[in-house]
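A.B. asks: So that you have it, the file is model-v1.tsv, and it contains TSV, C-alpha atoms and all ligand atoms:
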chain	number	residue	atom	x	y	z
J	1	MET	CA	168.40	121.02	53.09
J	2	LYS	CA	169.20	123.93	50.79
J	3	ALA	CA	166.06	125.85	50.13
J	4	SER	CA	165.31	129.01	48.21
J	5	PHE	CA	162.28	130.23	50.10
J	6	TYR	CA	161.91	132.83	52.80
J	7	ARG	CA	159.07	131.33	54.76
J	8	ASP	CA	159.78	128.12	56.59
J	9	THR	CA	156.78	126.14	55.42
J	10	TRP	CA	157.30	123.35	52.90
J	11	ALA	CA	156.10	119.97	51.70
J	12	GLU	CA	158.72	117.27	51.49
J	13	ILE	CA	158.25	114.58	48.86
J	14	ASP	CA	160.18	111.39	49.57
J	15	LEU	CA	160.92	109.93	46.14
J	16	SER	CA	162.24	106.73	47.68
J	17	ALA	CA	158.67	106.10	48.86
J	18	ILE	CA	157.38	106.48	45.28
J	19	ASP	CA	160.07	104.03	44.19
J	20	HIS	CA	159.14	101.59	46.97
J	21	ASN	CA	155.40	101.74	46.25
J	22	ILE	CA	155.83	101.08	42.53
J	23	ARG	CA	158.14	98.14	43.18
J	24	GLN	CA	155.70	96.69	45.72
J	25	MET	CA	152.93	96.90	43.14
J	26	ALA	CA	155.04	95.46	40.33
J	27	GLU	CA	155.87	92.48	42.52
J	28	LYS	CA	152.18	91.65	42.87
J	29	LEU	CA	151.40	91.99	39.16
J	30	PRO	CA	152.01	89.34	36.51
J	31	ASP	CA	154.79	90.30	34.05
J	32	THR	CA	152.15	90.86	31.38
J	33	SER	CA	150.63	93.87	33.20
J	34	ASP	CA	152.53	97.16	32.96
J	35	ILE	CA	152.19	100.15	35.25
J	36	ILE	CA	150.81	103.46	33.99
J	37	ALA	CA	151.76	105.99	36.69
J	38	ILE	CA	148.94	108.49	37.18
J	39	VAL	CA	150.31	111.99	37.77
J	40	LYS	CA	147.24	114.16	37.15
J	41	ALA	CA	146.55	117.25	39.30
J	42	ASP	CA	150.29	117.89	39.53
J	43	GLY	CA	150.95	114.36	40.72
J	44	TYR	CA	148.15	114.46	43.33
J	45	GLY	CA	149.83	117.59	44.70
J	46	HIS	CA	153.28	115.97	44.90
J	47	GLY	CA	154.69	117.51	41.70
J	48	SER	CA	154.04	115.70	38.42
J	49	VAL	CA	157.46	115.96	36.77
J	50	ALA	CA	159.53	114.75	39.75
J	51	VAL	CA	157.09	111.92	40.50
J	52	ALA	CA	156.88	110.90	36.84
J	53	LYS	CA	160.67	110.71	36.50
J	54	GLN	CA	161.01	108.58	39.63
J	55	ALA	CA	158.07	106.37	38.62
J	56	LEU	CA	159.70	105.63	35.25
J	57	LYS	CA	163.01	104.78	36.94
J	58	ALA	CA	161.13	102.39	39.21
J	59	GLY	CA	159.65	100.56	36.25
J	60	ALA	CA	156.45	102.35	35.20
J	61	LYS	CA	156.08	102.20	31.42
J	62	ALA	CA	153.71	105.10	30.75
J	63	LEU	CA	152.04	108.09	32.38
J	64	GLY	CA	148.45	109.17	32.79
J	65	VAL	CA	147.07	112.67	33.37
J	66	ALA	CA	143.64	114.28	33.29
J	67	LEU	CA	144.26	117.29	31.03
J	68	LEU	CA	146.15	117.87	27.81
J	69	GLU	CA	147.87	120.77	29.57
J	70	GLU	CA	149.26	118.33	32.14
J	71	ALA	CA	150.61	116.07	29.39
J	72	LEU	CA	152.30	119.02	27.67
J	73	GLU	CA	154.03	119.95	30.93
J	74	LEU	CA	155.57	116.45	31.06
J	75	ARG	CA	156.70	116.67	27.42
J	76	LYS	CA	158.26	120.07	28.16
J	77	ALA	CA	160.31	118.33	30.86
J	78	GLN	CA	161.79	116.01	28.18
J	79	ILE	CA	159.73	112.99	29.26
J	80	ASP	CA	159.24	110.90	26.13
J	81	VAL	CA	157.28	107.81	27.26
J	82	PRO	CA	153.62	107.27	26.25
J	83	ILE	CA	151.27	109.70	28.00
J	84	LEU	CA	147.53	109.08	28.15
J	85	VAL	CA	145.08	111.92	28.83
J	86	LEU	CA	142.25	110.28	30.79
J	87	GLY	CA	139.69	113.08	30.49
J	88	TRP	CA	137.74	114.49	27.54
J	89	VAL	CA	139.77	116.86	25.40
J	90	PRO	CA	137.96	119.12	22.92
J	91	PRO	CA	138.70	118.21	19.29
J	92	ARG	CA	140.64	121.45	18.84
J	93	GLY	CA	143.31	119.90	21.11
J	94	ALA	CA	143.96	117.04	18.66
J	95	PRO	CA	146.62	118.75	16.50
J	96	VAL	CA	148.74	119.70	19.51
J	97	ALA	CA	148.29	116.22	21.03
J	98	ALA	CA	149.38	114.60	17.76
J	99	GLU	CA	152.34	116.96	17.44
J	100	HIS	CA	153.60	115.92	20.89
J	101	ASP	CA	152.68	112.24	20.58
J	102	ILE	CA	150.16	112.46	23.42
J	103	THR	CA	147.41	109.84	23.51
J	104	LEU	CA	143.85	111.14	23.93
J	105	THR	CA	140.76	109.43	25.34
J	106	PHE	CA	137.65	109.36	23.16
J	107	PHE	CA	134.21	107.75	23.14
J	108	GLN	CA	132.05	109.83	20.79
J	109	GLU	CA	131.55	109.42	17.05
J	110	GLU	CA	131.07	113.18	16.63
J	111	TRP	CA	134.45	113.74	18.26
J	112	LEU	CA	136.11	111.56	15.59
J	113	GLU	CA	134.22	113.33	12.85
J	114	GLU	CA	135.19	116.77	14.08
J	115	ILE	CA	138.83	115.71	14.23
J	116	SER	CA	138.64	114.54	10.61
J	117	SER	CA	138.24	118.21	9.69
J	118	TYR	CA	141.65	119.11	11.15
J	119	THR	CA	144.98	118.56	9.45
J	120	LEU	CA	147.03	116.59	11.92
J	121	PRO	CA	150.80	117.06	11.82
J	122	LYS	CA	151.26	113.38	12.76
J	123	PRO	CA	148.85	110.48	13.40
J	124	LEU	CA	146.85	110.88	16.60
J	125	LYS	CA	146.90	108.02	19.10
J	126	VAL	CA	143.70	107.39	21.05
J	127	HIS	CA	142.35	105.08	23.75
J	128	MET	CA	138.63	104.33	23.72
J	129	LYS	CA	136.75	104.69	27.03
J	130	TRP	CA	133.87	102.39	27.92
J	131	ASP	CA	131.45	103.34	30.69
J	132	THR	CA	130.65	100.00	32.27
J	133	GLY	CA	129.01	101.49	35.35
J	134	MET	CA	131.04	104.44	36.63
J	135	GLY	CA	128.54	106.74	34.93
J	136	ARG	CA	131.11	109.43	34.16
J	137	ILE	CA	132.50	109.28	30.62
J	138	GLY	CA	132.61	106.57	27.98
J	139	LEU	CA	130.38	104.78	25.50
J	140	ARG	CA	127.87	102.40	27.06
J	141	THR	CA	126.39	100.12	24.42
J	142	GLU	CA	127.43	97.57	21.79
J	143	SER	CA	125.74	99.60	19.06
J	144	GLU	CA	127.71	102.72	20.02
J	145	LEU	CA	130.85	100.58	19.93
J	146	ARG	CA	130.08	99.21	16.45
J	147	ASP	CA	129.31	102.69	15.10
J	148	ILE	CA	132.49	104.16	16.51
J	149	LEU	CA	134.64	101.35	15.11
J	150	TYR	CA	133.17	101.90	11.64
J	151	ALA	CA	133.94	105.61	11.95
J	152	LEU	CA	137.45	104.85	13.18
J	153	ASN	CA	138.08	102.55	10.24
J	154	LYS	CA	137.39	105.45	7.88
J	155	ASN	CA	139.99	107.69	9.50
J	156	PRO	CA	143.56	106.48	8.89
J	157	SER	CA	145.17	109.41	10.73
J	158	ILE	CA	143.70	108.25	14.05
J	159	TYR	CA	145.35	105.19	15.64
J	160	LEU	CA	143.46	103.21	18.25
J	161	THR	CA	146.12	102.03	20.71
J	162	GLY	CA	144.00	101.14	23.75
J	163	VAL	CA	140.61	100.51	25.30
J	164	PHE	CA	139.71	100.96	28.95
J	165	THR	CA	137.09	101.33	31.64
J	166	HIS	CA	137.01	102.55	35.24
J	167	PHE	CA	135.50	100.94	38.35
J	168	ALA	CA	133.21	102.81	40.73
J	169	THR	CA	133.57	100.59	43.80
J	170	ALA	CA	136.92	98.79	43.56
J	171	ASP	CA	137.83	100.04	47.05
J	172	GLU	CA	134.69	98.65	48.75
J	173	LYS	CA	134.36	95.37	50.58
J	174	ASP	CA	131.56	94.04	48.39
J	175	PHE	CA	132.74	93.03	44.90
J	176	THR	CA	129.22	92.56	43.45
J	177	TYR	CA	129.11	95.81	41.48
J	178	LEU	CA	132.72	95.49	40.33
J	179	ARG	CA	131.92	92.00	38.99
J	180	LYS	CA	128.95	93.50	37.12
J	181	GLN	CA	131.24	96.11	35.56
J	182	GLN	CA	133.73	93.38	34.61
J	183	ASP	CA	130.94	91.39	32.89
J	184	CYS	CA	129.85	94.46	30.96
J	185	PHE	CA	133.47	95.08	29.94
J	186	GLU	CA	133.93	91.48	28.79
J	187	LYS	CA	130.77	91.68	26.65
J	188	LEU	CA	131.98	94.86	24.94
J	189	LEU	CA	135.42	93.31	24.57
J	190	ALA	CA	133.97	90.30	22.73
J	191	VAL	CA	132.29	92.59	20.20
J	192	PHE	CA	135.45	94.66	19.93
J	193	ARG	CA	137.69	91.65	19.30
J	194	GLU	CA	135.42	90.30	16.63
J	195	MET	CA	135.46	93.67	14.79
J	196	TRP	CA	138.99	94.88	15.48
J	197	PRO	CA	141.92	92.56	14.77
J	198	HIS	CA	144.69	95.08	15.58
J	199	PRO	CA	146.52	94.88	18.91
J	200	VAL	CA	145.57	97.38	21.61
J	201	THR	CA	146.46	97.92	25.26
J	202	ILE	CA	143.60	96.91	27.54
J	203	HIS	CA	143.37	98.36	31.05
J	204	THR	CA	140.69	98.56	33.72
J	205	GLY	CA	142.25	98.84	37.18
J	206	ASN	CA	142.98	101.79	39.46
J	207	SER	CA	145.07	101.31	42.63
J	208	ALA	CA	142.29	99.54	44.53
J	209	ALA	CA	141.50	97.01	41.78
J	210	SER	CA	145.20	96.39	41.11
J	211	ILE	CA	146.08	95.74	44.73
J	212	ARG	CA	143.07	93.50	45.32
J	213	LEU	CA	142.81	91.68	41.97
J	214	PRO	CA	146.33	91.84	40.51
J	215	GLY	CA	145.79	88.78	38.34
J	216	GLU	CA	142.82	90.33	36.50
J	217	MET	CA	144.46	93.47	35.16
J	218	TYR	CA	144.90	92.76	31.43
J	219	ASP	CA	147.84	94.70	29.87
J	220	ALA	CA	148.27	97.61	32.28
J	221	ILE	CA	147.09	99.24	35.48
J	222	ARG	CA	146.45	102.90	36.17
J	223	PHE	CA	148.30	103.33	39.43
J	224	GLY	CA	147.49	106.57	41.22
J	225	ILE	CA	146.89	107.04	44.92
J	226	SER	CA	148.92	104.05	46.11
J	227	MET	CA	152.00	105.14	44.19
J	228	TYR	CA	151.96	108.07	46.61
J	229	GLY	CA	151.79	105.62	49.51
J	230	LEU	CA	148.13	106.12	50.37
J	231	TYR	CA	145.49	103.39	50.57
J	232	PRO	CA	142.39	103.90	48.41
J	233	SER	CA	140.11	103.18	51.38
J	234	SER	CA	140.12	101.81	54.91
J	235	VAL	CA	138.96	98.47	53.48
J	236	VAL	CA	142.02	98.19	51.23
J	237	LYS	CA	144.24	99.37	54.10
J	238	SER	CA	142.90	96.75	56.51
J	239	GLU	CA	143.30	93.93	53.98
J	240	GLN	CA	147.09	94.48	54.12
J	241	GLY	CA	147.52	93.37	50.50
J	242	ILE	CA	150.45	95.73	50.02
J	243	SER	CA	152.86	97.67	52.21
J	244	LEU	CA	153.03	101.32	51.22
J	245	LYS	CA	155.12	104.31	52.30
J	246	GLN	CA	153.55	107.78	52.41
J	247	ALA	CA	155.62	110.11	50.21
J	248	PHE	CA	154.15	113.46	51.26
J	249	SER	CA	154.91	115.32	54.48
J	250	LEU	CA	154.18	118.91	55.48
J	251	HIS	CA	156.36	121.00	57.76
J	252	SER	CA	156.76	124.47	59.20
J	253	ARG	CA	158.73	126.19	61.97
J	254	LEU	CA	157.77	128.25	65.00
J	255	VAL	CA	157.97	131.97	64.30
J	256	ASN	CA	156.61	133.14	67.66
J	257	VAL	CA	156.46	131.54	71.12
J	258	LYS	CA	154.79	133.19	74.09
J	259	GLN	CA	153.36	132.44	77.49
J	260	VAL	CA	149.74	133.46	77.97
J	261	ALA	CA	147.71	133.76	81.19
J	262	ALA	CA	144.52	131.93	82.07
J	263	GLY	CA	141.66	133.62	80.22
J	264	ASP	CA	143.79	135.06	77.42
J	265	THR	CA	142.26	134.34	74.04
J	266	ILE	CA	143.77	133.26	70.74
J	267	SER	CA	142.95	134.38	67.18
J	268	TYR	CA	139.88	135.79	65.41
J	269	GLY	CA	136.58	135.47	67.20
J	270	ARG	CA	138.31	134.45	70.45
J	271	THR	CA	137.17	130.84	70.07
J	272	TYR	CA	140.01	129.60	72.30
J	273	SER	CA	140.71	130.76	75.87
J	274	ALA	CA	143.71	129.52	77.83
J	275	GLN	CA	142.62	127.48	80.85
J	276	GLU	CA	145.78	128.23	82.78
J	277	GLU	CA	149.22	129.63	82.01
J	278	GLU	CA	150.03	128.13	78.61
J	279	TRP	CA	152.73	128.25	75.95
J	280	ILE	CA	151.39	129.19	72.52
J	281	GLY	CA	153.37	128.92	69.30
J	282	THR	CA	152.64	130.43	65.90
J	283	ILE	CA	153.45	128.71	62.58
J	284	PRO	CA	153.34	130.46	59.19
J	285	ILE	CA	150.75	128.39	57.34
J	286	GLY	CA	147.03	129.00	56.92
J	287	TYR	CA	144.03	128.65	54.68
J	288	GLY	CA	145.83	130.70	52.02
J	289	ASP	CA	148.03	127.62	51.66
J	290	GLY	CA	145.11	125.22	51.60
J	291	TRP	CA	145.51	124.49	55.32
J	292	ILE	CA	141.81	125.16	55.77
J	293	ARG	CA	139.95	126.50	58.82
J	294	LYS	CA	138.19	123.19	59.42
J	295	LEU	CA	141.59	121.82	60.53
J	296	GLN	CA	141.18	123.71	63.82
J	297	GLY	CA	141.44	121.07	66.54
J	298	MET	CA	143.88	118.82	64.61
J	299	ASP	CA	147.18	117.94	66.24
J	300	VAL	CA	150.59	118.78	64.83
J	301	LEU	CA	154.00	117.44	65.92
J	302	ALA	CA	156.69	119.43	67.70
J	303	ASP	CA	159.59	117.89	69.60
J	304	GLY	CA	158.15	114.52	68.52
J	305	LYS	CA	154.96	115.16	70.51
J	306	ARG	CA	151.38	115.97	69.57
J	307	MET	CA	150.28	119.59	70.12
J	308	PRO	CA	146.78	120.83	69.26
J	309	ILE	CA	145.92	123.66	66.88
J	310	VAL	CA	144.08	126.26	68.97
J	311	GLY	CA	141.87	129.15	67.87
J	312	ARG	CA	140.85	129.90	64.33
J	313	ILE	CA	143.27	129.18	61.52
J	314	CYS	CA	144.10	132.45	59.73
J	315	MET	CA	144.97	132.99	56.07
J	316	ASP	CA	148.72	132.82	56.67
J	317	GLN	CA	149.19	131.69	60.27
J	318	THR	CA	148.09	129.04	62.75
J	319	MET	CA	148.51	128.86	66.51
J	320	ILE	CA	149.32	125.71	68.47
J	321	ARG	CA	149.43	124.97	72.20
J	322	LEU	CA	152.89	123.83	73.29
J	323	ASP	CA	153.72	121.79	76.36
J	324	GLN	CA	156.64	124.09	77.20
J	325	ALA	CA	158.72	126.88	75.69
J	326	TYR	CA	160.57	126.06	72.46
J	327	PRO	CA	163.03	128.18	70.50
J	328	ILE	CA	161.98	130.08	67.41
J	329	GLY	CA	162.71	127.90	64.39
J	330	THR	CA	161.65	124.65	66.06
J	331	LYS	CA	160.35	122.30	63.38
J	332	VAL	CA	156.63	121.59	63.39
J	333	THR	CA	155.28	118.69	61.33
J	334	LEU	CA	151.66	118.95	60.23
J	335	ILE	CA	151.58	115.76	58.14
J	336	GLY	CA	154.17	112.99	58.35
J	337	HIS	CA	156.79	111.57	60.70
J	338	GLN	CA	158.69	113.40	63.41
J	339	GLN	CA	160.96	111.63	65.93
J	340	GLY	CA	158.93	108.43	65.93
J	341	ALA	CA	155.55	110.17	66.02
J	342	PHE	CA	153.36	110.15	62.90
J	343	ILE	CA	150.38	112.08	61.62
J	344	ASP	CA	149.26	110.19	58.56
J	345	MET	CA	147.24	111.54	55.65
J	346	ASP	CA	144.26	109.44	56.71
J	347	GLU	CA	144.07	111.23	60.07
J	348	VAL	CA	143.88	114.61	58.35
J	349	ALA	CA	141.29	113.24	55.89
J	350	ALA	CA	139.22	111.81	58.74
J	351	HIS	CA	139.24	115.16	60.56
J	352	LEU	CA	137.90	116.79	57.38
J	353	GLU	CA	135.44	113.92	56.75
J	354	THR	CA	136.93	113.36	53.31
J	355	ILE	CA	139.29	110.97	51.52
J	356	ASN	CA	143.09	111.08	51.63
J	357	TYR	CA	143.22	111.88	47.87
J	358	GLU	CA	141.95	115.38	48.61
J	359	ILE	CA	144.58	116.38	51.18
J	360	PRO	CA	147.84	116.71	49.18
J	361	CYS	CA	145.81	118.20	46.30
J	362	MET	CA	144.48	120.93	48.56
J	363	ILE	CA	147.91	122.10	49.81
J	364	ASN	CA	148.42	124.66	47.09
J	365	GLU	CA	151.40	125.97	45.14
J	366	ARG	CA	152.20	128.60	47.77
J	367	VAL	CA	153.81	125.71	49.67
J	368	PRO	CA	157.08	124.74	47.94
J	369	ARG	CA	157.69	121.04	47.26
J	370	ILE	CA	161.14	119.82	48.29
J	371	TYR	CA	162.37	116.46	46.99
J	372	SER	CA	164.42	113.90	48.86
J	373	GLY	CA	165.39	110.26	48.52
J	374	SER	CA	165.72	110.22	44.73
J	375	LYS	CA	166.63	106.71	43.50
J	376	ARG	CA	168.47	105.72	40.38
J	401	LIG	C1	142.61	109.12	38.67
J	401	LIG	C2	142.34	107.94	37.88
J	401	LIG	C3	142.99	106.72	38.15
J	401	LIG	C4	143.87	106.51	39.37
J	401	LIG	O1	143.06	106.09	40.43
J	401	LIG	P1	143.68	105.78	41.88
J	401	LIG	O2	142.52	105.40	42.70
J	401	LIG	O3	144.30	107.07	42.33
J	401	LIG	O4	144.68	104.72	41.68
J	401	LIG	C5	142.78	105.67	37.28
J	401	LIG	N1	141.96	105.79	36.21
J	401	LIG	C6	141.31	106.93	35.93
J	401	LIG	C7	140.42	106.99	34.74
J	401	LIG	C8	141.46	108.04	36.75
J	401	LIG	O5	140.80	109.16	36.47
Let me see whether you can do it: turn the structure in this file into structure tokens.
C.D. replies:
Amino acid sequence: MKASFYRDTWAEIDLSAIDHNIRQMAEKLPDTSDIIAIVKADGYGHGSVAVAKQALKAGAKALGVALLEEALELRKAQIDVPILVLGWVPPRGAPVAAEHDITLTFFQEEWLEEISSYTLPKPLKVHMKWDTGMGRIGLRTESELRDILYALNKNPSIYLTGVFTHFATADEKDFTYLRKQQDCFEKLLAVFREMWPHPVTIHTGNSAASIRLPGEMYDAIRFGISMYGLYPSSVVKSEQGISLKQAFSLHSRLVNVKQVAAGDTISYGRTYSAQEEEWIGTIPIGYGDGWIRKLQGMDVLADGKRMPIVGRICMDQTMIRLDQAYPIGTKVTLIGHQQGAFIDMDEVAAHLETINYEIPCMINERVPRIYSGSKR
């Protein structure tokens, strides 16, 4: 691995896993449902441009992000497929979105009206968001839908190319609420179809819905977390509806190894005392990298074996208890595989009492992303 960094701490992104996960998903879907690869938040911390390029090679037809800024970054990287911004963009973003052929999400009549006051360099493509029970963004009623369609009809420089909704509980065992959201969506869709004869792309499903109900996904799915090889919840994981490969791994190397005596203490606040003679190693990663203090007590892998983090995690460094002396430069894996051992994202998430989505996002840009396994 040729690397241009001077601290041996890095995240490795296995693009062959992205490729595998997309192909697994595509196999489950009917041919009529396309994949929109969701690469918001810098590709869930994996790197949006590299993931997007691999996702498109694997068969994804479009990309989804949360911010207009994120869409512009993809355009700057010469990616020319449809890009949908899933979040609310202020009307002042419309000219730049139109200029770069970026599709915006809308759901307010006032938003359309404000955009009418701008001169757009090209027509603006938009998808309409319906809030069928997520309670986040989107229009909620038939009368709002009728009003917005009238307003849309009056504005020829805005092209409606899609409508969508988002589920709140697609990853939970009980489908009752999801079915309620689907009913609400179908009711709005009936009104929409009666008023709007033009073709649009209809999409409702995130990873969880797509994996569990692949036959109910209309024209496209919004495939996020599982493209990265992570299950949306323990329920979806246990159902074994798809076999995924985790793309993200996190590594460092020992920079100091020492033997300490019984009673010697480690790190700030002296929260750890050696019980006997022990080998302690130091790795150059800390909360300044997003490897937060609450991870004290987690295991890491060295020599293919689990070793615990001991003492407080510092801003730039973390100490681990080794089972013996190891040379400086020995590879330490904090997330991922090492010689048959594995620390998966879900274990880190469980330690932090959160969801796996949060973990790669929280490892910040101080940690370089290295790509491997690129597929044609
Ligand atoms: C992030 C996001 C997704 C992707 O969800 P996953 O659970 O990661 O698959 C889909 N749709 C919307 C609107 C989102 O914000």
A.B. asks: Give the residues close to ligand LIG 401 (chain J), within 8 Å, counting only C-alpha atoms and all ligand atoms; write them as a ChimeraX atom specification.
C.D. replies: /J:38,40,65-66,86-87,165-166,204-208,221-227,232,357
A.B. asks: Those residues you just picked out, can you put them in a file as a CSV table (one decimal), in the frame of the given file with C-alpha atoms?
C.D. replies:
chain,number,residue,atom,x,y,z
J,38,ILE,CA,148.9,108.5,37.2
J,40,LYS,CA,147.2,114.2,37.2
J,65,VAL,CA,147.1,112.7,33.4
J,66,ALA,CA,143.6,114.3,33.3
J,86,LEU,CA,142.2,110.3,30.8
J,87,GLY,CA,139.7,113.1,30.5
J,165,THR,CA,137.1,101.3,31.6
J,166,HIS,CA,137.0,102.6,35.2
J,204,THR,CA,140.7,98.6,33.7
J,205,GLY,CA,142.2,98.8,37.2
J,206,ASN,CA,143.0,101.8,39.5
J,207,SER,CA,145.1,101.3,42.6
J,208,ALA,CA,142.3,99.5,44.5
J,221,ILE,CA,147.1,99.2,35.5
J,222,ARG,CA,146.4,102.9,36.2
J,223,PHE,CA,148.3,103.3,39.4
J,224,GLY,CA,147.5,106.6,41.2
J,225,ILE,CA,146.9,107.0,44.9
J,226,SER,CA,148.9,104.0,46.1
J,227,MET,CA,152.0,105.1,44.2
J,232,PRO,CA,142.4,103.9,48.4
J,357,TYR,CA,143.2,111.9,47.9
A.B. asks: Using all atoms listed in the file, which of J:Thr9, J:Gln78, J:Thr32, J:Gln275 sits nearest J:Arg253?
C.D. replies: J:Thr9
A.B. asks: Around the point (155.2, 114.2, 40.3) (coordinates from the file), which residues reach within 10 Å if we count all atoms listed in the file? Answer as a PDB file with C-alpha atoms, keeping the file's coordinate frame.
C.D. replies:
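Saved to selection27.pdb:
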ATOM      1  CA  ILE J  13     158.250 114.580  48.860  1.00  0.00           C
ATOM      2  CA  LEU J  15     160.920 109.930  46.140  1.00  0.00           C
ATOM      3  CA  ILE J  18     157.380 106.480  45.280  1.00  0.00           C
ATOM      4  CA  ALA J  37     151.760 105.990  36.690  1.00  0.00           C
ATOM      5  CA  ILE J  38     148.940 108.490  37.180  1.00  0.00           C
ATOM      6  CA  VAL J  39     150.310 111.990  37.770  1.00  0.00           C
ATOM      7  CA  LYS J  40     147.240 114.160  37.150  1.00  0.00           C
ATOM      8  CA  ALA J  41     146.550 117.250  39.300  1.00  0.00           C
ATOM      9  CA  ASP J  42     150.290 117.890  39.530  1.00  0.00           C
ATOM     10  CA  GLY J  43     150.950 114.360  40.720  1.00  0.00           C
ATOM     11  CA  TYR J  44     148.150 114.460  43.330  1.00  0.00           C
ATOM     12  CA  GLY J  45     149.830 117.590  44.700  1.00  0.00           C
ATOM     13  CA  HIS J  46     153.280 115.970  44.900  1.00  0.00           C
ATOM     14  CA  GLY J  47     154.690 117.510  41.700  1.00  0.00           C
ATOM     15  CA  SER J  48     154.040 115.700  38.420  1.00  0.00           C
ATOM     16  CA  VAL J  49     157.460 115.960  36.770  1.00  0.00           C
ATOM     17  CA  ALA J  50     159.530 114.750  39.750  1.00  0.00           C
ATOM     18  CA  VAL J  51     157.090 111.920  40.500  1.00  0.00           C
ATOM     19  CA  ALA J  52     156.880 110.900  36.840  1.00  0.00           C
ATOM     20  CA  LYS J  53     160.670 110.710  36.500  1.00  0.00           C
ATOM     21  CA  GLN J  54     161.010 108.580  39.630  1.00  0.00           C
ATOM     22  CA  ALA J  55     158.070 106.370  38.620  1.00  0.00           C
ATOM     23  CA  LEU J  74     155.570 116.450  31.060  1.00  0.00           C
ATOM     24  CA  TYR J 228     151.960 108.070  46.610  1.00  0.00           C
TER      25      TYR J 228
END
A.B. asks: Could you list, as a list in words, every residue within 9 Å of stretch 186-199 of chain J, counting only C-alpha atoms and ignoring same-chain residues fewer than 5 positions away?
C.D. replies: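 Final neighbour list, sorted by chain and number: Trp130, Arg140, Thr141, Glu142, Leu145, Arg146, Leu149, Leu160, Thr161, Gly162, Val163 and Gln181 of chain J.
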A.B. asks: Would you mind telling me which residue in J:Ile242, J:Ile202, J:Ile320, J:Leu152 lies nearest to J:Tyr218 when using only C-alpha atoms?
C.D. replies: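 Residue with the minimum atom-to-atom distance to J:Tyr218: J:Ile202.
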A.B. asks: For the atom pair atom CA of J:Ala325 and atom CA of J:Gln339, what is the interatomic distance in Å to one decimal place?
C.D. replies: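 Here the two named atoms are 18.2 Å from each other.
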A.B. asks: In terms of the shortest atom-to-atom distance over all atoms listed in the file, which of J:Lys294, J:Lys57, J:Arg270, J:Lys76 is closest to J:Val348?
C.D. replies: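 The answer is J:Lys294, which sits nearest to J:Val348.
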A.B. asks: Could you check how far atom CA of J:Arg306 sits from atom CA of J:Thr271, in Å to one decimal?
C.D. replies: 20.6 Å
A.B. asks: List the spatial neighbours of J:Glu113 as a JSON list (two decimals) with C-alpha atoms, keeping the file's coordinate frame - criterion: any atom at most 9 Å away, all atoms listed in the file, same-chain residues fewer than 4 positions off excluded.
C.D. replies:
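See around-v8.json below for the written result:
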[["chain", "number", "residue", "atom", "x", "y", "z"],
["J", 108, "GLN", "CA", 132.05, 109.83, 20.79],
["J", 109, "GLU", "CA", 131.55, 109.42, 17.05],
["J", 117, "SER", "CA", 138.24, 118.21, 9.69],
["J", 151, "ALA", "CA", 133.94, 105.61, 11.95],
["J", 155, "ASN", "CA", 139.99, 107.69, 9.50]]
A.B. asks: I'd like the interatomic distance between atom CA of J:Ser238 and atom CA of J:Leu63, to a tenth of an Å.
C.D. replies: 28.2 Å
A.B. asks: Pick from J:Ala274, J:Gly288, J:Ile158, J:Leu112: nearest to J:Ala98, with all atoms listed in the file counted?
C.D. replies: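 With all atoms listed in the file as the atom set, the closest residue is J:Ile158.
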A.B. asks: Measuring atom to atom with only C-alpha atoms, identify which of J:Ile102, J:Ile285, J:Ala349, J:Leu56 is nearest to J:Ala71.
C.D. replies: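 So, comparing all the options, the nearest one is J:Ile102.
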A.B. asks: Please provide as a PDB file with C-alpha atoms, keeping the file's coordinate frame all residues within 10 Å of J:Pro284, with the sequence filter that same-chain residues fewer than 2 positions apart are discarded (counting only C-alpha atoms).
C.D. replies:
ATOM      1  CA  ARG J   7     159.070 131.330  54.760  1.00  0.00           C
ATOM      2  CA  ASP J   8     159.780 128.120  56.590  1.00  0.00           C
ATOM      3  CA  THR J   9     156.780 126.140  55.420  1.00  0.00           C
ATOM      4  CA  SER J 252     156.760 124.470  59.200  1.00  0.00           C
ATOM      5  CA  ARG J 253     158.730 126.190  61.970  1.00  0.00           C
ATOM      6  CA  LEU J 254     157.770 128.250  65.000  1.00  0.00           C
ATOM      7  CA  VAL J 255     157.970 131.970  64.300  1.00  0.00           C
ATOM      8  CA  ASN J 256     156.610 133.140  67.660  1.00  0.00           C
ATOM      9  CA  THR J 282     152.640 130.430  65.900  1.00  0.00           C
ATOM     10  CA  GLY J 286     147.030 129.000  56.920  1.00  0.00           C
ATOM     11  CA  ASP J 289     148.030 127.620  51.660  1.00  0.00           C
ATOM     12  CA  CYS J 314     144.100 132.450  59.730  1.00  0.00           C
ATOM     13  CA  MET J 315     144.970 132.990  56.070  1.00  0.00           C
ATOM     14  CA  ASP J 316     148.720 132.820  56.670  1.00  0.00           C
ATOM     15  CA  GLN J 317     149.190 131.690  60.270  1.00  0.00           C
ATOM     16  CA  THR J 318     148.090 129.040  62.750  1.00  0.00           C
ATOM     17  CA  MET J 319     148.510 128.860  66.510  1.00  0.00           C
TER      18      MET J 319
END
A.B. asks: Which neighbours of J:Ala97 fall inside 8 Å, counting all atoms listed in the file, when residues of the same chain fewer than 5 positions from it are skipped, and could you give them as a VMD selection string?
C.D. replies: chain J and resid 68 102 to 104 124
A.B. asks: Counting all atoms listed in the file, which of J:Gly290, J:Pro308, J:Gly93, J:Pro82 gets nearest to J:Thr201?
C.D. replies: J:Pro82
A.B. asks: Tell me, as a list of chain:residue names, which residues lie within 12 Å of J:Leu178, counting all atoms listed in the file; anything in the same chain fewer than 5 positions away does not count.
C.D. replies: J:Thr132, J:Gly133, J:Met134, J:Thr165, J:His166, J:Phe167, J:Ala168, J:Thr169, J:Ala170, J:Asp171, J:Glu172, J:Lys173, J:Asp183, J:Cys184, J:Phe185, J:Thr204, J:Gly205, J:Ala208, J:Ala209, J:Arg212, J:Leu213, J:Glu216
